[in-house]
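Structure file final-v8.txt with compact mmCIF, C-alpha atoms:
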```txt
# COMPACT_ATOMS: atom_id res chain seq x y z
CA MET A 20 19.92 -10.78 -50.20
CA ASP A 21 16.89 -13.03 -49.79
CA ALA A 22 14.35 -11.15 -47.63
CA ALA A 23 13.01 -14.36 -46.09
CA LYS A 24 16.47 -15.47 -44.99
CA LEU A 25 17.22 -12.00 -43.67
CA ASN A 26 14.03 -12.15 -41.62
CA GLU A 27 15.08 -15.53 -40.25
CA LEU A 28 18.44 -14.12 -39.31
CA LYS A 29 16.78 -11.21 -37.48
CA LYS A 30 14.65 -13.64 -35.48
CA PHE A 31 17.67 -15.68 -34.57
CA ILE A 32 19.60 -12.57 -33.45
CA GLN A 33 16.59 -11.51 -31.40
CA LEU A 34 16.54 -14.93 -29.79
CA CYS A 35 20.25 -14.62 -28.97
CA LYS A 36 19.69 -11.20 -27.42
CA SER A 37 16.89 -12.41 -25.22
CA ASN A 38 18.73 -15.57 -24.23
CA PRO A 39 22.52 -15.27 -24.78
CA SER A 40 23.08 -18.69 -23.23
CA ILE A 41 21.84 -20.22 -26.47
CA LEU A 42 25.31 -19.47 -27.87
CA ASP A 43 26.75 -22.03 -25.44
CA ASP A 44 25.27 -24.78 -27.58
CA PRO A 45 28.15 -26.71 -29.25
CA SER A 46 26.36 -26.58 -32.60
CA LEU A 47 26.70 -22.75 -32.53
CA SER A 48 30.39 -22.71 -31.57
CA PHE A 49 31.33 -21.44 -35.06
CA PHE A 50 29.00 -18.45 -34.62
CA ARG A 51 30.27 -17.80 -31.10
CA ASP A 52 33.88 -17.87 -32.35
CA TYR A 53 32.98 -15.48 -35.14
CA LEU A 54 31.41 -12.98 -32.71
CA GLN A 55 34.38 -13.16 -30.39
CA SER A 56 36.73 -12.57 -33.33
CA LEU A 57 34.91 -9.30 -33.85
CA GLY A 58 35.57 -8.36 -30.20
CA ALA A 59 32.15 -9.28 -28.88
CA LYS A 60 31.90 -10.13 -25.16
CA ILE A 61 29.65 -13.13 -24.70
CA PRO A 62 28.48 -13.85 -21.12
CA SER A 63 28.68 -17.39 -19.84
CA SER A 64 25.49 -19.37 -19.30
CA ALA A 65 25.97 -19.17 -15.50
CA ASP A 66 26.27 -15.38 -15.60
CA THR A 67 23.22 -15.14 -17.84
CA ALA A 68 21.13 -17.40 -15.63
CA ALA A 69 22.19 -15.53 -12.49
CA ASP A 70 21.47 -12.17 -14.06
CA SER A 71 18.09 -13.36 -15.29
CA LYS A 72 17.21 -14.76 -11.88
CA SER A 73 18.36 -11.56 -10.18
CA LYS A 74 16.25 -9.39 -12.46
CA SER A 75 13.30 -11.70 -12.01
CA CYS A 76 13.61 -11.56 -8.25
CA VAL A 77 13.92 -7.76 -8.27
CA VAL A 78 10.85 -7.34 -10.41
CA GLU A 79 8.84 -9.90 -8.50
CA GLU A 80 9.88 -8.53 -5.15
CA SER A 81 9.12 -5.04 -6.34
CA ASP A 82 5.65 -6.07 -7.44
CA GLU A 83 5.04 -7.97 -4.21
CA GLU A 84 6.30 -5.07 -2.12
CA LEU A 85 4.06 -2.66 -3.96
CA ALA A 86 1.04 -4.91 -3.60
CA ASP A 87 1.77 -5.63 0.06
CA ALA A 88 2.31 -1.94 0.68
CA GLY A 89 -1.04 -1.20 -0.89
CA VAL A 90 -2.79 -3.70 1.34
CA LYS A 91 -0.92 -2.38 4.39
CA ILE A 92 -1.89 1.21 3.61
CA ASN A 93 -5.53 0.26 3.14
CA ILE A 94 -5.60 -1.69 6.40
CA GLU A 95 -3.88 1.14 8.27
CA GLU A 96 -6.43 3.59 6.91
CA GLU A 97 -9.22 1.31 8.11
CA GLU A 98 -7.64 0.97 11.53
CA GLU A 99 -7.45 4.74 11.84
CA GLU A 100 -11.22 4.82 11.37
CA GLU A 101 -11.82 2.42 14.26
CA GLU A 102 -13.58 4.04 17.18
CA ASP A 103 -12.90 3.99 20.87
CA GLU A 104 -14.73 1.50 23.02
CA ILE A 105 -18.18 2.70 24.07
CA ILE A 106 -18.14 3.52 27.78
CA GLU A 107 -21.58 3.75 29.27
CA SER A 108 -22.22 6.75 31.47
CA ASP A 109 -23.68 6.46 34.94
CA ILE A 110 -27.43 6.81 35.32
CA GLU A 111 -28.66 9.45 37.71
CA LEU A 112 -31.16 7.61 39.88
CA GLU A 113 -33.23 8.87 42.79
CA GLY A 114 -34.28 7.15 45.98
CA ASP A 115 -32.48 5.31 48.76
CA THR A 116 -31.59 1.65 48.80
CA VAL A 117 -30.51 -0.70 51.58
CA GLU A 118 -27.69 -3.20 51.89
CA PRO A 119 -28.86 -6.71 51.03
CA ASP A 120 -29.44 -8.99 54.00
CA ASN A 121 -27.37 -12.16 53.80
CA GLU A 122 -28.71 -14.04 56.81
CA PRO A 123 -29.57 -17.73 56.59
CA PRO A 124 -33.00 -18.36 55.02
CA GLN A 125 -35.96 -18.33 57.37
CA LYS A 126 -37.96 -21.43 58.16
CA MET A 127 -40.47 -22.37 55.49
CA GLY A 128 -43.46 -24.68 55.73
CA ASP A 129 -43.78 -28.10 54.13
CA PRO A 130 -46.46 -27.79 51.42
CA SER A 131 -46.97 -31.57 51.44
CA VAL A 132 -48.23 -31.56 55.03
CA GLU A 133 -51.99 -32.16 55.42
CA VAL A 134 -53.49 -29.20 57.29
CA THR A 135 -56.12 -30.17 59.82
CA ASP A 136 -58.82 -27.86 61.10
CA ASP A 137 -57.05 -27.67 64.46
CA ASN A 138 -53.82 -26.66 62.74
CA ARG A 139 -55.62 -24.06 60.72
CA ASP A 140 -57.23 -22.58 63.84
CA ALA A 141 -53.90 -22.57 65.68
CA SER A 142 -52.32 -20.86 62.67
CA HIS A 143 -54.90 -18.05 62.79
CA SER A 144 -54.27 -17.62 66.54
CA ALA A 145 -50.52 -17.29 65.91
CA LYS A 146 -51.18 -14.75 63.17
CA ALA A 147 -53.38 -12.69 65.53
CA LYS A 148 -50.56 -12.55 68.08
CA ALA A 149 -48.21 -11.47 65.29
CA MET A 150 -50.51 -8.62 64.27
CA ASP A 151 -50.58 -7.38 67.85
CA ALA A 152 -46.79 -7.48 67.97
CA ILE A 153 -46.58 -5.55 64.68
CA SER A 154 -48.84 -2.81 66.06
CA GLU A 155 -46.52 -2.49 69.04
CA GLY A 156 -43.42 -2.43 66.83
CA LYS A 157 -42.22 -5.81 68.11
CA PHE A 158 -41.12 -7.16 64.73
CA GLU A 159 -38.95 -10.02 65.98
CA GLU A 160 -41.87 -11.31 68.05
CA ALA A 161 -44.16 -10.90 65.03
CA ILE A 162 -41.75 -12.97 62.89
CA GLU A 163 -41.73 -15.76 65.48
CA ASN A 164 -45.53 -15.92 65.60
CA LEU A 165 -45.88 -15.76 61.79
CA THR A 166 -43.28 -18.53 61.41
CA GLN A 167 -45.35 -20.66 63.81
CA ALA A 168 -48.47 -19.85 61.78
CA ILE A 169 -46.72 -20.89 58.51
CA LEU A 170 -45.48 -24.19 59.94
CA LEU A 171 -49.04 -24.97 61.08
CA ASN A 172 -50.57 -23.99 57.75
CA PRO A 173 -47.89 -23.99 54.98
CA THR A 174 -50.58 -23.74 52.25
CA SER A 175 -51.59 -20.17 53.13
CA ALA A 176 -50.26 -17.49 50.76
CA ILE A 177 -51.53 -14.82 53.17
CA MET A 178 -49.26 -16.06 55.97
CA TYR A 179 -46.17 -15.80 53.71
CA GLY A 180 -47.26 -12.41 52.39
CA THR A 181 -47.77 -11.07 55.91
CA ARG A 182 -44.38 -12.26 57.10
CA ALA A 183 -42.83 -10.70 53.95
CA SER A 184 -44.32 -7.33 54.89
CA VAL A 185 -42.74 -7.58 58.36
CA TYR A 186 -39.32 -8.34 56.83
CA ILE A 187 -39.73 -5.18 54.75
CA LYS A 188 -40.29 -3.17 57.94
CA MET A 189 -37.12 -4.78 59.32
CA LYS A 190 -35.24 -3.77 56.11
CA LYS A 191 -34.55 -7.38 55.16
CA PRO A 192 -35.52 -7.34 51.46
CA ASN A 193 -34.01 -10.73 50.53
CA ALA A 194 -35.99 -12.51 53.25
CA ALA A 195 -39.10 -10.62 52.09
CA ILE A 196 -38.53 -11.76 48.49
CA ARG A 197 -38.26 -15.41 49.58
CA ASP A 198 -41.61 -15.20 51.40
CA ALA A 199 -43.22 -13.31 48.49
CA ASN A 200 -42.05 -16.00 46.05
CA ALA A 201 -43.54 -18.70 48.31
CA ALA A 202 -46.84 -16.81 48.43
CA LEU A 203 -46.94 -16.50 44.63
CA GLU A 204 -46.17 -20.20 44.19
CA ILE A 205 -49.25 -20.99 46.29
CA ASN A 206 -51.39 -18.27 44.72
CA PRO A 207 -50.13 -16.69 41.45
CA ASP A 208 -52.73 -13.92 41.91
CA SER A 209 -51.54 -12.90 45.35
CA ALA A 210 -51.60 -9.10 45.35
CA LYS A 211 -49.78 -9.09 48.71
CA GLY A 212 -47.06 -11.29 47.23
CA TYR A 213 -46.46 -8.92 44.25
CA LYS A 214 -46.64 -5.87 46.49
CA SER A 215 -44.14 -7.21 49.04
CA ARG A 216 -41.75 -8.41 46.34
CA GLY A 217 -42.01 -5.12 44.43
CA ILE A 218 -41.20 -3.05 47.52
CA ALA A 219 -38.33 -5.38 48.48
CA ARG A 220 -36.85 -5.13 44.98
CA ALA A 221 -37.11 -1.36 45.10
CA MET A 222 -35.20 -1.39 48.40
CA LEU A 223 -32.43 -3.31 46.62
CA GLY A 224 -32.38 -0.90 43.65
CA GLN A 225 -33.91 -3.42 41.25
CA TRP A 226 -36.06 -0.66 39.78
CA GLU A 227 -37.36 -2.29 36.62
CA ASP A 228 -38.37 -5.56 38.30
CA ALA A 229 -39.86 -3.59 41.16
CA ALA A 230 -42.00 -1.56 38.74
CA LYS A 231 -43.33 -4.74 37.10
CA ASP A 232 -44.31 -6.29 40.45
CA LEU A 233 -45.93 -3.11 41.73
CA HIS A 234 -47.94 -2.64 38.53
CA MET A 235 -49.18 -6.22 38.83
CA ALA A 236 -50.09 -5.68 42.49
CA SER A 237 -51.94 -2.48 41.60
CA LYS A 238 -53.86 -4.32 38.91
CA LEU A 239 -54.89 -7.09 41.33
CA ASP A 240 -55.68 -4.92 44.38
CA TYR A 241 -54.85 -1.22 44.18
CA ASP A 242 -53.96 0.71 47.32
CA GLU A 243 -52.32 4.05 48.09
CA GLU A 244 -49.10 2.51 49.36
CA ILE A 245 -48.54 0.77 46.02
CA ASN A 246 -49.15 4.06 44.20
CA ASN A 247 -46.64 5.89 46.42
CA TRP A 248 -44.00 3.27 45.75
CA LEU A 249 -44.66 3.44 42.00
CA LYS A 250 -44.01 7.20 42.09
CA LYS A 251 -40.56 6.45 43.50
CA VAL A 252 -39.81 3.47 41.28
CA GLU A 253 -41.12 4.40 37.82
CA PRO A 254 -38.82 7.41 37.11
CA ASN A 255 -35.75 5.28 37.77
CA ALA A 256 -37.14 2.38 35.75
CA HIS A 257 -37.78 4.74 32.80
CA ARG A 258 -34.26 6.21 33.01
CA ILE A 259 -32.73 2.73 33.00
CA GLU A 260 -34.87 1.68 30.03
CA GLU A 261 -33.95 4.80 28.05
CA HIS A 262 -30.27 4.33 28.92
CA ARG A 263 -30.34 0.72 27.75
CA ARG A 264 -32.10 1.61 24.50
CA LYS A 265 -29.59 4.38 23.84
CA TYR A 266 -26.55 2.16 24.31
CA ASP A 267 -28.14 -0.79 22.55
CA ARG A 268 -28.57 1.54 19.57
CA LEU A 269 -24.98 2.84 19.85
CA HIS A 270 -23.59 -0.69 20.08
CA LYS A 271 -25.70 -1.78 17.11
CA GLU A 272 -24.52 1.21 15.03
CA ARG A 273 -20.92 0.50 16.01
CA GLU A 274 -21.31 -3.16 15.08
CA ASP A 275 -22.78 -2.18 11.70
CA ARG A 276 -19.86 0.17 11.05
CA GLU A 277 -17.35 -2.52 11.98
CA ILE A 278 -19.06 -4.96 9.61
CA GLU A 279 -18.90 -2.36 6.84
CA ARG A 280 -15.24 -1.60 7.55
CA GLU A 281 -14.41 -5.31 7.46
CA ARG A 282 -16.27 -5.64 4.17
CA ARG A 283 -14.29 -2.72 2.69
CA ARG A 284 -11.04 -4.13 4.11
CA ARG A 285 -11.64 -7.50 2.49
CA ARG A 286 -12.61 -5.88 -0.78
CA ALA A 287 -9.45 -3.71 -0.75
CA GLN A 288 -7.30 -6.72 0.07
CA ALA A 289 -8.87 -8.75 -2.71
CA GLN A 290 -8.33 -5.87 -5.14
CA ALA A 291 -4.70 -5.55 -4.04
CA GLU A 292 -4.13 -9.27 -4.48
CA TYR A 293 -5.70 -9.10 -7.93
CA GLU A 294 -3.49 -6.17 -8.92
CA LYS A 295 -0.45 -8.01 -7.54
CA ALA A 296 -1.25 -11.14 -9.54
CA LYS A 297 -1.89 -9.03 -12.63
CA LYS A 298 1.47 -7.24 -12.29
CA GLN A 299 3.27 -10.52 -11.76
CA GLU A 300 1.61 -11.96 -14.86
CA GLN A 301 2.55 -8.88 -16.91
CA SER A 302 6.09 -8.97 -15.52
CA SER A 303 6.40 -12.66 -16.34
CA SER A 304 5.14 -12.05 -19.87
CA SER A 305 7.56 -9.18 -20.38
CA ARG A 306 10.48 -11.39 -19.35
CA LYS A 307 9.69 -14.12 -21.87
CA PRO A 308 12.28 -14.04 -24.71
CA GLY A 309 11.10 -13.27 -28.22
CA GLY A 310 10.70 -16.01 -30.74
CA MET A 311 10.55 -18.90 -28.25
CA PRO A 312 8.32 -17.80 -25.36
CA GLY A 313 9.33 -19.01 -21.94
CA GLY A 314 12.81 -19.95 -23.10
CA PHE A 315 14.41 -23.35 -23.03
CA PRO A 316 16.94 -23.92 -20.26
CA GLY A 317 20.35 -22.88 -21.47
CA GLY A 318 19.04 -21.87 -24.87
CA MET A 319 18.13 -24.80 -27.04
CA PRO A 320 20.48 -27.52 -25.88
CA GLY A 321 20.74 -30.92 -27.46
CA GLY A 322 18.75 -33.82 -26.26
CA PHE A 323 16.39 -34.04 -29.17
CA PRO A 324 17.76 -36.09 -32.05
CA GLY A 325 20.37 -34.17 -33.97
CA GLY A 326 21.37 -31.84 -31.17
CA MET A 327 20.46 -28.19 -31.89
CA PRO A 328 17.55 -28.56 -34.26
CA GLY A 329 17.69 -27.28 -37.73
CA GLY A 330 19.89 -24.80 -39.45
CA PHE A 331 19.34 -22.01 -41.85
CA PRO A 332 19.04 -23.52 -45.34
CA GLY A 333 21.57 -22.41 -47.84
CA GLY A 334 23.92 -21.05 -45.23
CA MET A 335 23.87 -17.70 -43.49
CA PRO A 336 24.43 -14.51 -45.45
CA GLY A 337 27.87 -13.04 -45.37
CA GLY A 338 29.88 -16.18 -45.97
CA MET A 339 29.02 -18.12 -42.78
CA PRO A 340 29.42 -21.85 -43.13
CA GLY A 341 26.45 -23.42 -44.78
CA GLY A 342 23.87 -24.28 -42.18
CA MET A 343 23.98 -25.39 -38.62
CA PRO A 344 24.36 -29.04 -37.76
CA GLY A 345 21.19 -30.98 -38.33
CA ASN A 346 18.73 -31.18 -41.14
CA VAL A 347 15.83 -29.07 -39.79
CA ASP A 348 14.74 -25.74 -41.16
CA PHE A 349 14.83 -23.70 -37.92
CA SER A 350 12.60 -21.03 -39.43
CA LYS A 351 9.75 -23.54 -39.52
CA ILE A 352 9.77 -23.64 -35.72
CA LEU A 353 9.91 -19.86 -35.36
CA ASN A 354 7.17 -19.38 -37.92
CA ASP A 355 4.88 -22.13 -36.66
CA PRO A 356 2.06 -20.32 -34.76
CA GLU A 357 0.91 -23.51 -33.01
CA LEU A 358 4.37 -24.23 -31.63
CA MET A 359 4.90 -20.62 -30.64
CA ALA A 360 1.55 -20.63 -28.82
CA ALA A 361 2.42 -23.92 -27.10
CA PHE A 362 5.72 -22.46 -25.90
CA SER A 363 3.70 -19.84 -23.99
CA ASP A 364 2.05 -22.59 -21.91
CA PRO A 365 4.01 -23.15 -18.64
CA GLU A 366 2.92 -26.79 -18.48
CA VAL A 367 4.17 -27.49 -22.00
CA MET A 368 7.44 -25.64 -21.40
CA ALA A 369 8.05 -27.56 -18.15
CA ALA A 370 7.56 -30.85 -19.99
CA LEU A 371 9.86 -29.83 -22.85
CA GLN A 372 12.53 -28.74 -20.39
CA ASP A 373 12.21 -32.08 -18.60
CA VAL A 374 12.66 -33.95 -21.86
CA MET A 375 15.62 -31.78 -22.89
CA LYS A 376 17.36 -32.46 -19.58
CA ASN A 377 16.82 -36.19 -19.98
CA PRO A 378 15.40 -37.62 -23.23
CA ALA A 379 14.40 -40.74 -21.29
CA ASN A 380 11.67 -38.63 -19.64
CA LEU A 381 9.86 -38.43 -22.97
CA ALA A 382 7.76 -41.51 -22.17
CA LYS A 383 6.14 -40.06 -19.09
CA HIS A 384 4.76 -37.08 -21.06
CA GLN A 385 3.29 -39.12 -23.94
CA ALA A 386 -0.08 -39.40 -22.18
CA ASN A 387 -0.44 -35.65 -21.66
CA PRO A 388 -2.89 -34.36 -24.33
CA LYS A 389 -1.31 -30.89 -24.21
CA VAL A 390 2.31 -31.95 -24.36
CA ALA A 391 2.30 -35.05 -26.62
CA PRO A 392 1.13 -33.25 -29.82
CA VAL A 393 3.79 -30.54 -29.36
CA ILE A 394 6.56 -33.09 -28.90
CA ALA A 395 5.31 -35.07 -31.89
CA LYS A 396 5.26 -31.98 -34.06
CA MET A 397 8.74 -30.92 -33.01
CA MET A 398 10.06 -34.43 -33.57
CA SER A 399 8.62 -34.40 -37.06
CA LYS A 400 10.47 -31.16 -37.77
CA PHE A 401 13.67 -32.55 -36.30
CA ALA A 402 13.41 -35.45 -38.68
CA GLY A 403 13.84 -33.06 -41.56
CA PRO A 404 12.54 -33.46 -45.10
CA LYS A 405 12.03 -36.98 -46.36
```
Kindly return the structure encoded in the file as structure tokens.
Amino acid sequence: MDAAKLNELKKFIQLCKSNPSILDDPSLSFFRDYLQSLGAKIPSSADTAADSKSKSCVVEESDEELADAGVKINIEEEEEEEEDEIIESDIELEGDTVEPDNEPPQKMGDPSVEVTDDNRDASHSAKAKAMDAISEGKFEEAIENLTQAILLNPTSAIMYGTRASVYIKMKKPNAAIRDANAALEINPDSAKGYKSRGIARAMLGQWEDAAKDLHMASKLDYDEEINNWLKKVEPNAHRIEEHRRKYDRLHKEREDREIERERRRRRAQAQAEYEKAKKQEQSSSSRKPGGMPGGFPGGMPGGFPGGMPGGFPGGMPGGMPGGMPGNVDFSKILNDPELMAAFSDPEVMAALQDVMKNPANLAKHQANPKVAPVIAKMMSKFAGPK
């Protein structure tokens, strides 16, 4: 027996095994009848296609499930590492505070008013009466006189600073802060303004701002009262600053860890997707039938000139009728490395399947540089020897 022909027969049998629907081709009816006469059970093309699709789905779903499971496991592991929300502890502070005063704002002077000498003198007289009232503990009376002094001379930072100090004695820190701000607008170097505002802020528990104002007041005009207030304020201001630094650091470390976890999560997901695509590619390759990669729909149906291309020259061994219909040497297709390589290209196979379903579709693929040469080469083989 000719070894070359035997090899061709083996390839053909292998092709039939990988794609039994090829036996549905009318040109192979003699071979199908022969196999059935020997008791062979040949599945129909519908059964073969359904079985192939079912196996494909099972494999693909299995790969997808495995890949998705891998991603899910990685993400769950990352979520387990996530930390509880940072809850800041209370700060132990010392010193008493007062309830904020929410009374309507006190009367303020009009800085655009021109202050005459008479107004200035009258303002000093009102201030003197206020100082007497302060010494007697008559704070409401002192406020009235100082308000009169401010309206007469609204350009005096001292008048605002003095009234602010009285509001502090009356435990009205918000009113004191308004007067201190007015004093500092007139004179940014008003020690009395910084001192009054610092004490008022301390009364409200605004320890850090209070410390800043009191330090500025001490720098401009140091006195013992400022120093005493700083002794009360600074410890709390330092505790607050240390607390903030601590939790700023903890939040920053937590943020860095979350960024790192997200980076690892994305990397794991990308790796899982890569492995999934790789498995699908390997699975797809393993499902391609031997001899004609990718498989033609329904085997190798007619549609090209001559129906099922080619035939084995000289007949098949064992007394089979001489050759299949057509005048093409089928072994030339199986043994053509360029055609076999082209059949592995999904784009080429899709075009060939389109043409096989409807030969009229041949024209629309003529401009494709990948498909046209393959069709031309196959057509030349279909034409047979000249």
Non-local contacts of Pro388 of chain A (12 Å; all atoms listed in the file; under 5 positions in same chain excluded) as a PyMOL selection string = chain A and resi 366-367+370+383+393-395
For the residues selected in the previous step, produce a file with C-alpha atoms as a compact mmCIF listing (two decimals), keeping the file's coordinate frame.
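The resulting file, again-v1.txt, is shown below:
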```txt
# COMPACT_ATOMS: atom_id res chain seq x y z
CA GLU A 366 2.92 -26.79 -18.48
CA VAL A 367 4.17 -27.49 -22.00
CA ALA A 370 7.56 -30.85 -19.99
CA LYS A 383 6.14 -40.06 -19.09
CA VAL A 393 3.79 -30.54 -29.36
CA ILE A 394 6.56 -33.09 -28.90
CA ALA A 395 5.31 -35.07 -31.89
```
task = Would you mind listing what lies within 9 Å of Glu253 of chain A as a PyMOL selection string, with only C-alpha atoms counted and same-chain residues fewer than 5 positions away left out?
result = chain A and resi 226-227+229-230+248+258
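With distances restricted to all atoms listed in the file, A:Asn255 is the closest residue to Glu111 of chain A from A:Asn255, A:Ser131, A:Thr181, A:Asn246.
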ask   = If you measure from atom CA of Asn193 of chain A to atom CA of Asp120 of chain A, what distance in Å do you get, rounded to one decimal?
value =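 Going from atom CA of Asn193 of chain A over to atom CA of Asp120 of chain A covers 6.0 Å.
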ask   = Closest to Ile205 of chain A among A:Glu292, A:Asp21, A:Asp44, A:Asp129, using all atoms listed in the file?
value = A:Asp129
ask   = Any idea what the distance is between atom CA of Ile162 of chain A and atom CA of Ile245 of chain A?
value =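 Going from atom CA of Ile162 of chain A over to atom CA of Ile245 of chain A, I get 22.8 Å.
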Distance in Å - atom CA of Asp232 of chain A versus atom CA of Arg268 of chain A =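 That distance, rounded to one decimal, is 27.3 Å.
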inquiry  = Residues proximal to (-45.1, -15.7, 42.5) were defined as those with any atom within 12 Å of that point in the file's coordinates, counting all atoms listed in the file. Which are they, as an NGL selection string?
reply    = :A and (176 or 179-180 or 196-217 or 232 or 235-236)
Compute the distance from (-42.1, 1.4, 45.6) to each atom, counting all atoms listed in the file, keep the residues with any atom at most 6 Å away, and return them as a tab-separated table (two decimals) with C-alpha atoms, keeping the file's coordinate frame; use the coordinates of the file.
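File written: part_34.tsv
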```tsv
chain	number	residue	atom	x	y	z
A	218	ILE	CA	-41.20	-3.05	47.52
A	221	ALA	CA	-37.11	-1.36	45.10
A	248	TRP	CA	-44.00	3.27	45.75
A	249	LEU	CA	-44.66	3.44	42.00
A	251	LYS	CA	-40.56	6.45	43.50
A	252	VAL	CA	-39.81	3.47	41.28
```
task = For Arg139 of chain A, work out the shell of residues within 8 Å, counting only C-alpha atoms and skipping chain neighbours fewer than 4 positions away, then give it as a list in words.
result =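 The filter keeps Val134, Thr135, His143, Leu171 and Asn172 of chain A.
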ask   = Looking at A:Tyr186, A:Tyr241, A:Phe362, A:Phe50, which one is nearest to Met222 of chain A, with distances taken over all atoms listed in the file?
value =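 So, comparing all the options, the nearest one is A:Tyr186.
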